[in-house]
file work.pdb (PDB, C-alpha atoms)
MODEL        1
ATOM      1  CA  MET A   1      -5.104   7.061  -2.178
ATOM      2  CA  LEU A   2      -7.362   4.798  -4.210
ATOM      3  CA  THR A   3      -5.896   1.708  -5.834
ATOM      4  CA  LEU A   4      -7.804  -0.598  -8.169
ATOM      5  CA  HIS A   5      -6.465  -4.157  -8.352
ATOM      6  CA  ARG A   6      -7.592  -5.997 -11.482
ATOM      7  CA  ALA A   7      -7.360  -9.756 -12.058
ATOM      8  CA  ALA A   8      -8.827 -12.302 -14.458
ATOM      9  CA  PHE A   9     -10.609 -13.892 -11.501
ATOM     10  CA  VAL A  10     -11.586 -12.327  -8.183
ATOM     11  CA  LEU A  11     -12.672 -14.830  -5.525
ATOM     12  CA  PRO A  12     -14.017 -12.827  -2.573
ATOM     13  CA  ASP A  13     -14.803 -15.859  -0.382
ATOM     14  CA  PRO A  14     -13.322 -19.163  -1.600
ATOM     15  CA  ALA A  15     -14.251 -20.881   1.676
ATOM     16  CA  ASP A  16     -17.948 -20.504   0.784
ATOM     17  CA  PRO A  17     -18.808 -22.873  -2.087
ATOM     18  CA  THR A  18     -21.880 -20.784  -2.895
ATOM     19  CA  ALA A  19     -19.957 -17.511  -3.205
ATOM     20  CA  PRO A  20     -19.565 -16.455  -6.838
ATOM     21  CA  SER A  21     -16.261 -15.666  -8.501
ATOM     22  CA  ILE A  22     -15.941 -12.531 -10.597
ATOM     23  CA  ALA A  23     -14.410 -12.909 -14.044
ATOM     24  CA  ASP A  24     -12.333  -9.879 -15.051
ATOM     25  CA  GLY A  25     -12.915  -8.542 -11.571
ATOM     26  CA  ALA A  26     -11.396  -5.847  -9.440
ATOM     27  CA  VAL A  27     -10.968  -4.691  -5.865
ATOM     28  CA  VAL A  28     -10.781  -1.009  -4.978
ATOM     29  CA  VAL A  29      -8.714  -0.172  -1.911
ATOM     30  CA  ARG A  30      -8.864   3.112  -0.013
ATOM     31  CA  GLY A  31      -6.222   3.351   2.678
ATOM     32  CA  GLU A  32      -6.224   0.040   4.529
ATOM     33  CA  LEU A  33      -9.818  -0.925   3.720
ATOM     34  CA  VAL A  34     -11.660  -2.458   0.789
ATOM     35  CA  GLU A  35     -13.829   0.188  -0.862
ATOM     36  CA  ALA A  36     -15.504  -1.928  -3.568
ATOM     37  CA  VAL A  37     -15.479  -5.379  -5.147
ATOM     38  CA  GLY A  38     -16.978  -6.134  -8.564
ATOM     39  CA  PRO A  39     -16.473  -6.335 -12.332
ATOM     40  CA  TYR A  40     -13.506  -4.357 -13.581
ATOM     41  CA  GLY A  41     -15.505  -2.362 -16.125
ATOM     42  CA  GLU A  42     -17.943  -1.095 -13.519
ATOM     43  CA  LEU A  43     -15.301  -0.189 -10.960
ATOM     44  CA  ALA A  44     -12.989   1.450 -13.496
ATOM     45  CA  ALA A  45     -15.891   3.670 -14.572
ATOM     46  CA  GLY A  46     -16.865   4.408 -10.985
ATOM     47  CA  TYR A  47     -13.328   5.220  -9.831
ATOM     48  CA  PRO A  48     -11.672   6.906 -12.833
ATOM     49  CA  GLY A  49      -8.948   8.476 -10.704
ATOM     50  CA  ALA A  50      -7.776   5.275  -9.044
ATOM     51  CA  ARG A  51      -4.286   3.933  -9.620
ATOM     52  CA  VAL A  52      -4.621   0.610 -11.450
ATOM     53  CA  ARG A  53      -2.584  -2.500 -10.738
ATOM     54  CA  ASP A  54      -3.428  -5.015 -13.442
ATOM     55  CA  TRP A  55      -2.392  -8.531 -12.429
ATOM     56  CA  GLY A  56      -3.423 -10.101 -15.723
ATOM     57  CA  ALA A  57      -4.398 -13.771 -15.967
ATOM     58  CA  ALA A  58      -4.321 -14.351 -12.221
ATOM     59  CA  VAL A  59      -6.561 -15.100  -9.245
ATOM     60  CA  LEU A  60      -7.116 -12.446  -6.573
ATOM     61  CA  ALA A  61      -8.368 -13.911  -3.302
ATOM     62  CA  PRO A  62      -8.072 -13.580   0.470
ATOM     63  CA  GLY A  63      -4.597 -14.235   1.800
ATOM     64  CA  LEU A  64      -3.618 -17.550   3.318
ATOM     65  CA  ARG A  65      -3.331 -18.807   6.898
ATOM     66  CA  ASN A  66      -0.208 -20.720   7.839
ATOM     67  CA  PRO A  67      -1.102 -23.171  10.630
ATOM     68  CA  TYR A  68       2.533 -23.839  11.559
ATOM     69  CA  GLY A  69       3.499 -20.441  12.917
ATOM     70  CA  HIS A  70       4.758 -21.672  16.265
ATOM     71  CA  TRP A  71       7.161 -24.164  14.702
ATOM     72  CA  LEU A  72       8.241 -21.917  11.830
ATOM     73  CA  LEU A  73       8.862 -18.814  13.935
ATOM     74  CA  GLU A  74       9.886 -20.141  17.343
ATOM     75  CA  ARG A  75      11.681 -23.404  16.603
ATOM     76  CA  ALA A  76      12.955 -23.187  13.029
ATOM     77  CA  TYR A  77      15.777 -20.803  12.170
ATOM     78  CA  HIS A  78      15.579 -18.659   9.039
ATOM     79  CA  PRO A  79      19.138 -17.948   7.886
ATOM     80  CA  ASP A  80      20.412 -14.506   7.060
ATOM     81  CA  PRO A  81      21.460 -14.416   3.365
ATOM     82  CA  ARG A  82      24.878 -13.210   4.512
ATOM     83  CA  GLU A  83      25.399 -16.539   6.261
ATOM     84  CA  GLU A  84      25.472 -18.240   2.842
ATOM     85  CA  VAL A  85      23.856 -21.428   4.124
ATOM     86  CA  GLY A  86      20.748 -21.314   1.940
ATOM     87  CA  VAL A  87      17.300 -19.904   2.574
ATOM     88  CA  GLU A  88      15.341 -22.922   3.789
ATOM     89  CA  PRO A  89      14.298 -22.985   7.464
ATOM     90  CA  VAL A  90      16.693 -24.964   9.644
ATOM     91  CA  ALA A  91      14.616 -27.437  11.651
ATOM     92  CA  ASP A  92      14.869 -26.791  15.404
ATOM     93  CA  GLY A  93      17.571 -24.219  14.759
ATOM     94  CA  LEU A  94      16.230 -22.102  17.634
ATOM     95  CA  ALA A  95      15.359 -24.927  20.018
ATOM     96  CA  GLY A  96      16.695 -24.051  23.453
ATOM     97  CA  SER A  97      18.004 -20.656  22.327
ATOM     98  CA  THR A  98      17.822 -17.782  24.813
ATOM     99  CA  ASP A  99      19.100 -15.178  22.345
ATOM    100  CA  GLU A 100      15.974 -13.073  21.822
ATOM    101  CA  ALA A 101      17.661 -10.797  19.284
ATOM    102  CA  ARG A 102      18.584 -13.784  17.107
ATOM    103  CA  CYS A 103      15.092 -15.258  17.470
ATOM    104  CA  GLY A 104      13.436 -11.979  16.559
ATOM    105  CA  ALA A 105      15.621 -11.479  13.487
ATOM    106  CA  SER A 106      14.905 -15.039  12.352
ATOM    107  CA  ALA A 107      11.161 -14.502  12.822
ATOM    108  CA  ARG A 108      11.253 -11.321  10.732
ATOM    109  CA  ARG A 109      12.961 -13.168   7.893
ATOM    110  CA  GLY A 110      10.507 -16.051   8.187
ATOM    111  CA  LEU A 111       7.524 -13.717   8.029
ATOM    112  CA  GLN A 112       8.977 -11.980   4.988
ATOM    113  CA  ARG A 113       9.318 -15.324   3.243
ATOM    114  CA  MET A 114       5.727 -16.236   4.143
ATOM    115  CA  LEU A 115       4.522 -13.086   2.403
ATOM    116  CA  GLY A 116       6.016 -14.553  -0.752
ATOM    117  CA  TYR A 117       3.468 -17.374  -0.504
ATOM    118  CA  GLY A 118       0.458 -15.099   0.043
ATOM    119  CA  VAL A 119       0.296 -15.611   3.816
ATOM    120  CA  THR A 120      -1.611 -12.885   5.652
ATOM    121  CA  ALA A 121      -2.314 -14.759   8.921
ATOM    122  CA  VAL A 122      -0.215 -17.114  10.996
ATOM    123  CA  ALA A 123      -1.228 -19.353  13.885
ATOM    124  CA  GLY A 124       0.599 -19.363  17.213
ATOM    125  CA  PRO A 125       0.935 -19.660  20.085
ATOM    126  CA  PHE A 126       3.897 -17.289  20.224
ATOM    127  CA  GLU A 127       5.706 -17.591  23.524
ATOM    128  CA  ARG A 128       8.760 -15.471  22.796
ATOM    129  CA  ALA A 129       8.372 -11.701  23.205
ATOM    130  CA  SER A 130      10.679 -11.083  20.244
ATOM    131  CA  VAL A 131       8.512 -13.249  17.992
ATOM    132  CA  ARG A 132       5.292 -11.599  19.149
ATOM    133  CA  THR A 133       6.849  -8.222  18.347
ATOM    134  CA  ALA A 134       7.962  -9.411  14.909
ATOM    135  CA  VAL A 135       4.464 -10.675  14.084
ATOM    136  CA  ALA A 136       2.788  -7.476  15.317
ATOM    137  CA  ARG A 137       5.124  -5.235  13.318
ATOM    138  CA  SER A 138       4.858  -7.308  10.139
ATOM    139  CA  GLY A 139       1.151  -6.602   9.651
ATOM    140  CA  VAL A 140       0.463 -10.334   9.387
ATOM    141  CA  VAL A 141      -2.495 -11.325  11.568
ATOM    142  CA  GLY A 142      -1.394 -13.394  14.567
ATOM    143  CA  LEU A 143      -3.892 -16.095  15.471
ATOM    144  CA  PRO A 144      -4.092 -18.111  18.690
ATOM    145  CA  GLY A 145      -2.949 -21.684  18.477
ATOM    146  CA  SER A 146      -5.558 -24.137  17.268
ATOM    147  CA  ALA A 147      -5.887 -27.688  16.049
ATOM    148  CA  VAL A 148      -4.609 -28.367  12.566
ATOM    149  CA  SER A 149      -7.370 -29.197  10.103
ATOM    150  CA  SER A 150      -8.117 -32.743   9.037
ATOM    151  CA  ALA A 151      -6.669 -31.962   5.613
ATOM    152  CA  VAL A 152      -3.310 -31.043   7.139
ATOM    153  CA  ALA A 153      -3.351 -34.066   9.417
ATOM    154  CA  SER A 154      -4.107 -36.287   6.437
ATOM    155  CA  ALA A 155      -1.242 -34.800   4.426
ATOM    156  CA  VAL A 156       1.112 -35.313   7.340
ATOM    157  CA  SER A 157       0.052 -38.899   8.003
ATOM    158  CA  SER A 158       0.314 -39.794   4.326
ATOM    159  CA  GLY A 159       3.845 -38.481   4.101
ATOM    160  CA  GLY A 160       3.019 -35.296   2.206
ATOM    161  CA  VAL A 161       4.690 -33.240   4.910
ATOM    162  CA  ASP A 162       7.446 -34.257   7.260
ATOM    163  CA  GLY A 163       6.544 -34.168  10.906
ATOM    164  CA  GLY A 164       3.311 -34.042  12.847
ATOM    165  CA  PRO A 165       0.725 -31.357  13.410
ATOM    166  CA  GLU A 166       1.357 -28.089  15.192
ATOM    167  CA  GLY A 167       2.083 -28.708  18.817
ATOM    168  CA  SER A 168       3.887 -32.009  18.200
ATOM    169  CA  GLY A 169       6.400 -32.906  20.822
ATOM    170  CA  PRO A 170       9.979 -31.623  20.757
ATOM    171  CA  GLN A 171      11.187 -34.968  19.429
ATOM    172  CA  ASP A 172       9.504 -34.153  16.099
ATOM    173  CA  GLY A 173      12.054 -32.266  14.018
ATOM    174  CA  GLY A 174      10.429 -32.549  10.604
ATOM    175  CA  ALA A 175       9.929 -29.497   8.451
ATOM    176  CA  ARG A 176       6.666 -27.595   8.051
ATOM    177  CA  PRO A 177       5.905 -25.701   4.849
ATOM    178  CA  LEU A 178       5.976 -21.945   4.472
ATOM    179  CA  ASP A 179       3.330 -22.331   1.758
ATOM    180  CA  PRO A 180      -0.080 -23.379   3.151
ATOM    181  CA  LEU A 181      -1.114 -24.595  -0.301
ATOM    182  CA  ALA A 182       1.506 -27.321   0.011
ATOM    183  CA  VAL A 183      -0.767 -29.102   2.511
ATOM    184  CA  LEU A 184      -4.189 -27.459   2.396
ATOM    185  CA  PRO A 185      -6.898 -27.217  -0.246
ATOM    186  CA  PHE A 186      -7.305 -23.611  -1.311
ATOM    187  CA  ALA A 187     -10.742 -23.256   0.306
ATOM    188  CA  GLU A 188      -9.281 -24.298   3.681
ATOM    189  CA  ALA A 189      -6.075 -22.318   3.351
ATOM    190  CA  VAL A 190      -7.652 -18.872   2.895
ATOM    191  CA  TYR A 191      -8.133 -16.551   5.848
ATOM    192  CA  GLY A 192     -11.163 -14.261   5.887
ATOM    193  CA  ARG A 193     -12.919 -12.665   2.932
ATOM    194  CA  VAL A 194     -12.371  -9.791   0.542
ATOM    195  CA  ALA A 195     -15.378  -7.720   1.574
ATOM    196  CA  VAL A 196     -16.370  -4.068   1.377
ATOM    197  CA  GLY A 197     -15.413  -2.341   4.604
ATOM    198  CA  GLY A 198     -12.993  -5.075   5.617
ATOM    199  CA  ARG A 199      -9.248  -4.788   5.938
ATOM    200  CA  ALA A 200      -7.542  -5.037   2.556
ATOM    201  CA  ASP A 201      -5.619  -8.261   3.126
ATOM    202  CA  PHE A 202      -5.406 -10.382  -0.019
ATOM    203  CA  ALA A 203      -3.045 -12.080  -2.406
ATOM    204  CA  VAL A 204      -2.713 -12.612  -6.140
ATOM    205  CA  PHE A 205      -1.839 -16.044  -7.489
ATOM    206  CA  ALA A 206      -0.919 -17.588 -10.814
ATOM    207  CA  THR A 207      -3.453 -20.120 -12.002
ATOM    208  CA  ALA A 208      -2.952 -23.446 -13.742
ATOM    209  CA  GLY A 209      -5.822 -22.676 -16.096
ATOM    210  CA  VAL A 210      -9.577 -22.452 -16.230
ATOM    211  CA  ALA A 211     -11.761 -25.459 -15.418
ATOM    212  CA  GLY A 212     -14.721 -26.509 -17.520
ATOM    213  CA  ASP A 213     -17.096 -24.697 -15.184
ATOM    214  CA  GLY A 214     -15.177 -21.462 -15.658
ATOM    215  CA  SER A 215     -13.541 -21.554 -12.232
ATOM    216  CA  ALA A 216      -9.841 -21.088 -11.556
ATOM    217  CA  GLN A 217      -7.644 -22.242  -8.697
ATOM    218  CA  PRO A 218      -4.251 -20.901  -7.581
ATOM    219  CA  VAL A 219      -1.214 -23.100  -7.901
ATOM    220  CA  ALA A 220       1.022 -23.869  -4.929
ATOM    221  CA  GLY A 221       4.040 -21.605  -4.919
ATOM    222  CA  GLY A 222       2.336 -19.304  -7.401
ATOM    223  CA  CYS A 223       1.921 -16.138  -5.336
ATOM    224  CA  LEU A 224       2.495 -13.045  -7.461
ATOM    225  CA  ALA A 225       1.669 -10.357  -4.895
ATOM    226  CA  THR A 226       0.533  -9.922  -1.301
ATOM    227  CA  VAL A 227      -1.350  -6.945   0.101
ATOM    228  CA  LEU A 228      -1.624  -6.246   3.852
ATOM    229  CA  GLY A 229      -3.795  -3.429   5.115
ATOM    230  CA  GLY A 230      -3.857  -1.959   1.620
ATOM    231  CA  ARG A 231      -0.055  -1.977   1.262
ATOM    232  CA  LEU A 232       1.687  -4.001  -1.410
ATOM    233  CA  VAL A 233       4.172  -5.872   0.762
ATOM    234  CA  TYR A 234       5.317  -8.482  -1.728
ATOM    235  CA  ARG A 235       5.571  -8.605  -5.499
ATOM    236  CA  ARG A 236       7.262 -11.376  -7.437
ATOM    237  CA  ARG A 237      10.076 -10.113  -9.618
TER     238      ARG A 237
ENDMDL
END
call {"tool": "encode", "arguments": {"input": "work.pdb", "output": "structure tokens"}}
result
Amino acid sequence: MLTLHRAAFVLPDPADPTAPSIADGAVVVRGELVEAVGPYGELAAGYPGARVRDWGAAVLAPGLRNPYGHWLLERAYHPDPREEVGVEPVADGLAGSTDEARCGASARRGLQRMLGYGVTAVAGPFERASVRTAVARSGVVGLPGSAVSSAVASAVSSGGVDGGPEGSGPQDGGARPLDPLAVLPFAEAVYGRVAVGGRADFAVFATAGVAGDGSAQPVAGGCLATVLGGRLVYRRR
């Protein structure tokens, strides 16, 4: 099935400052791959039979990478709504736990919440088998552990985020954000590109407005929809 996603701004590669944005743009998805990227008028004419999802005055861009996957999925505990203890991750709630079923269920809930922030990739390492299974089944791209960017380190050291970078010692119990835009500039937070022939992983964000140069940036916490492998896996209600 063909689906045409329309947005006021399509940013195929925000990490590249020379890459153009497309005003009133669109992305055509066939199956799990991107079929076309360009102005809405051209793609609507070229794919008249496509189902249209019109996201309005929003930014469509590659999904985000959360650099805190190890902490968020293997150390923090994501409560079940039936527990009635809130929805925020419980710092070190899984530390020392040997209950793989509980860890796996927590990881699945954590990944679902990440989708609500436009996350399409998450950094490990993932040492628990139950967490690796949860990541693989979610469709979110699992990345090997790596150093946190200078922007994240700066935010942490300045008090913008509790706790140290990924891989901090077990004495560090501070919280890490589910939303990468809470600590990273948009250009550093995105993972990959929206490119013809590539996997259709992207997200749609609300924007604070249009800058004088005609550009638009997503707002933190403003994810409207997340698409993984061509599937709409999250939509804000």
call {"tool": "residues_around", "arguments": {"input": "work.pdb", "residues": "Ala129 in chain A", "least_positions_apart": "5", "cutoff": "12 Å", "atoms": "all atoms listed in the file", "output": "compact mmCIF listing (two decimals) with C-alpha atoms, keeping the file's coordinate frame"}}
result
# COMPACT_ATOMS: atom_id res chain seq x y z
CA LEU A 73 8.86 -18.81 13.94
CA GLU A 74 9.89 -20.14 17.34
CA THR A 98 17.82 -17.78 24.81
CA ASP A 99 19.10 -15.18 22.34
CA GLU A 100 15.97 -13.07 21.82
CA ALA A 101 17.66 -10.80 19.28
CA CYS A 103 15.09 -15.26 17.47
CA GLY A 104 13.44 -11.98 16.56
CA ALA A 107 11.16 -14.50 12.82
CA ALA A 134 7.96 -9.41 14.91
CA VAL A 135 4.46 -10.68 14.08
CA ALA A 136 2.79 -7.48 15.32
call {"tool": "closest_atom_pairs", "arguments": {"input": "work.pdb", "of": "range 18-136 of chain A", "to": "range 185-197 of chain A", "cutoff": "6 Å", "atoms": "only C-alpha atoms", "output": "tab-separated table"}}
result
residue	atom	partner	partner_atom	distance
A:Leu33	CA	A:Gly197	CA	5.8
A:Val34	CA	A:Val196	CA	5.0
A:Glu35	CA	A:Val196	CA	5.4
A:Ala36	CA	A:Val196	CA	5.5
A:Pro62	CA	A:Arg193	CA	5.5
A:Gly63	CA	A:Val190	CA	5.7
A:Leu64	CA	A:Val190	CA	4.3
A:Arg65	CA	A:Tyr191	CA	5.4
call {"tool": "residues_near_point", "arguments": {"input": "work.pdb", "point": "(3.1, -25.4, -0.8)", "cutoff": "10 Å", "atoms": "only C-alpha atoms", "output": "list of chain:residue names"}}
result
A:Tyr117, A:Val161, A:Arg176, A:Pro177, A:Leu178, A:Asp179, A:Pro180, A:Leu181, A:Ala182, A:Val183, A:Leu184, A:Val219, A:Ala220, A:Gly221, A:Gly222
call {"tool": "closest_residue", "arguments": {"input": "work.pdb", "among": "A:Ala44, A:Thr3, A:Ala175, A:Leu11", "to": "Trp71 in chain A", "atoms": "only C-alpha atoms"}}
result
A:Ala175
call {"tool": "residues_around", "arguments": {"input": "work.pdb", "residues": "Val29 in chain A", "least_positions_apart": "3", "cutoff": "12 Å", "atoms": "all atoms listed in the file", "output": "JSON, numbers by chain"}}
result
{"A": [1, 2, 3, 4, 5, 6, 26, 32, 33, 34, 35, 36, 37, 43, 47, 50, 51, 52, 53, 194, 195, 196, 197, 198, 199, 200, 201, 202, 227, 228, 229, 230, 231, 232]}
call {"tool": "atom_distance", "arguments": {"input": "work.pdb", "atom1": "CA of Tyr40 in chain A", "atom2": "CA of Val141 in chain A"}}
result
28.3 Å
call {"tool": "resolve_selection", "arguments": {"input": "work.pdb", "expression": "the PyMOL selection byres ((chain A and resi 19) around 12)", "output": "number ranges by chain"}}
result
A: 10-18, 20-22, 187, 193-195, 215
call {"tool": "atom_distance", "arguments": {"input": "work.pdb", "atom1": "CA of Tyr234 in chain A", "atom2": "CA of Tyr77 in chain A"}}
result
21.3 Å
call {"tool": "atom_distance", "arguments": {"input": "work.pdb", "atom1": "CA of Val28 in chain A", "atom2": "CA of Gly118 in chain A"}}
result
18.7 Å
call {"tool": "closest_residue", "arguments": {"input": "work.pdb", "among": "A:Thr133, A:Gly46, A:Ala7, A:Ala58", "to": "Pro218 in chain A", "atoms": "only C-alpha atoms"}}
result
A:Ala58
call {"tool": "resolve_selection", "arguments": {"input": "work.pdb", "expression": "the PyMOL selection byres ((chain A and resi 123) around 8)", "output": "short mmCIF file (atom, residue, chain, number, x, y, z; two decimals) with C-alpha atoms, keeping the file's coordinate frame"}}
result
data_model
loop_
_atom_site.label_atom_id
_atom_site.label_comp_id
_atom_site.auth_asym_id
_atom_site.auth_seq_id
_atom_site.Cartn_x
_atom_site.Cartn_y
_atom_site.Cartn_z
CA ARG A 65 -3.33 -18.81 6.90
CA ASN A 66 -0.21 -20.72 7.84
CA PRO A 67 -1.10 -23.17 10.63
CA TYR A 68 2.53 -23.84 11.56
CA GLY A 69 3.50 -20.44 12.92
CA HIS A 70 4.76 -21.67 16.26
CA ALA A 121 -2.31 -14.76 8.92
CA VAL A 122 -0.22 -17.11 11.00
CA GLY A 124 0.60 -19.36 17.21
CA PRO A 125 0.94 -19.66 20.08
CA GLY A 142 -1.39 -13.39 14.57
CA LEU A 143 -3.89 -16.10 15.47
CA PRO A 144 -4.09 -18.11 18.69
CA GLY A 145 -2.95 -21.68 18.48
CA SER A 146 -5.56 -24.14 17.27
#
call {"tool": "resolve_selection", "arguments": {"input": "work.pdb", "expression": "the PyMOL selection byres ((chain A and resi 109) around 10)", "output": "NGL selection string"}}
result
:A and (73 or 77-81 or 87 or 89 or 104-108 or 110-114 or 134)
call {"tool": "closest_residue", "arguments": {"input": "work.pdb", "among": "A:Ala23, A:Arg236, A:Leu115, A:Ser138", "to": "Ala57 in chain A", "atoms": "all atoms listed in the file"}}
result
A:Ala23
call {"tool": "closest_residue", "arguments": {"input": "work.pdb", "among": "A:Pro48, A:Gly96, A:Gly56, A:Gly31", "to": "Ala225 in chain A", "atoms": "only C-alpha atoms"}}
result
A:Gly56
call {"tool": "closest_residue", "arguments": {"input": "work.pdb", "among": "A:Arg102, A:Gly116, A:Trp55, A:Val204", "to": "Gln217 in chain A", "atoms": "all atoms listed in the file"}}
result
A:Val204
call {"tool": "axis_aligned_box", "arguments": {"input": "work.pdb", "around": "range 10-27 of chain A", "padding_each_side": "4 Å", "output": "JSON"}}
result
{"center_x": -16.4, "center_y": -13.8, "center_z": -6.7, "size_x": 18.9, "size_y": 26.2, "size_z": 24.7}
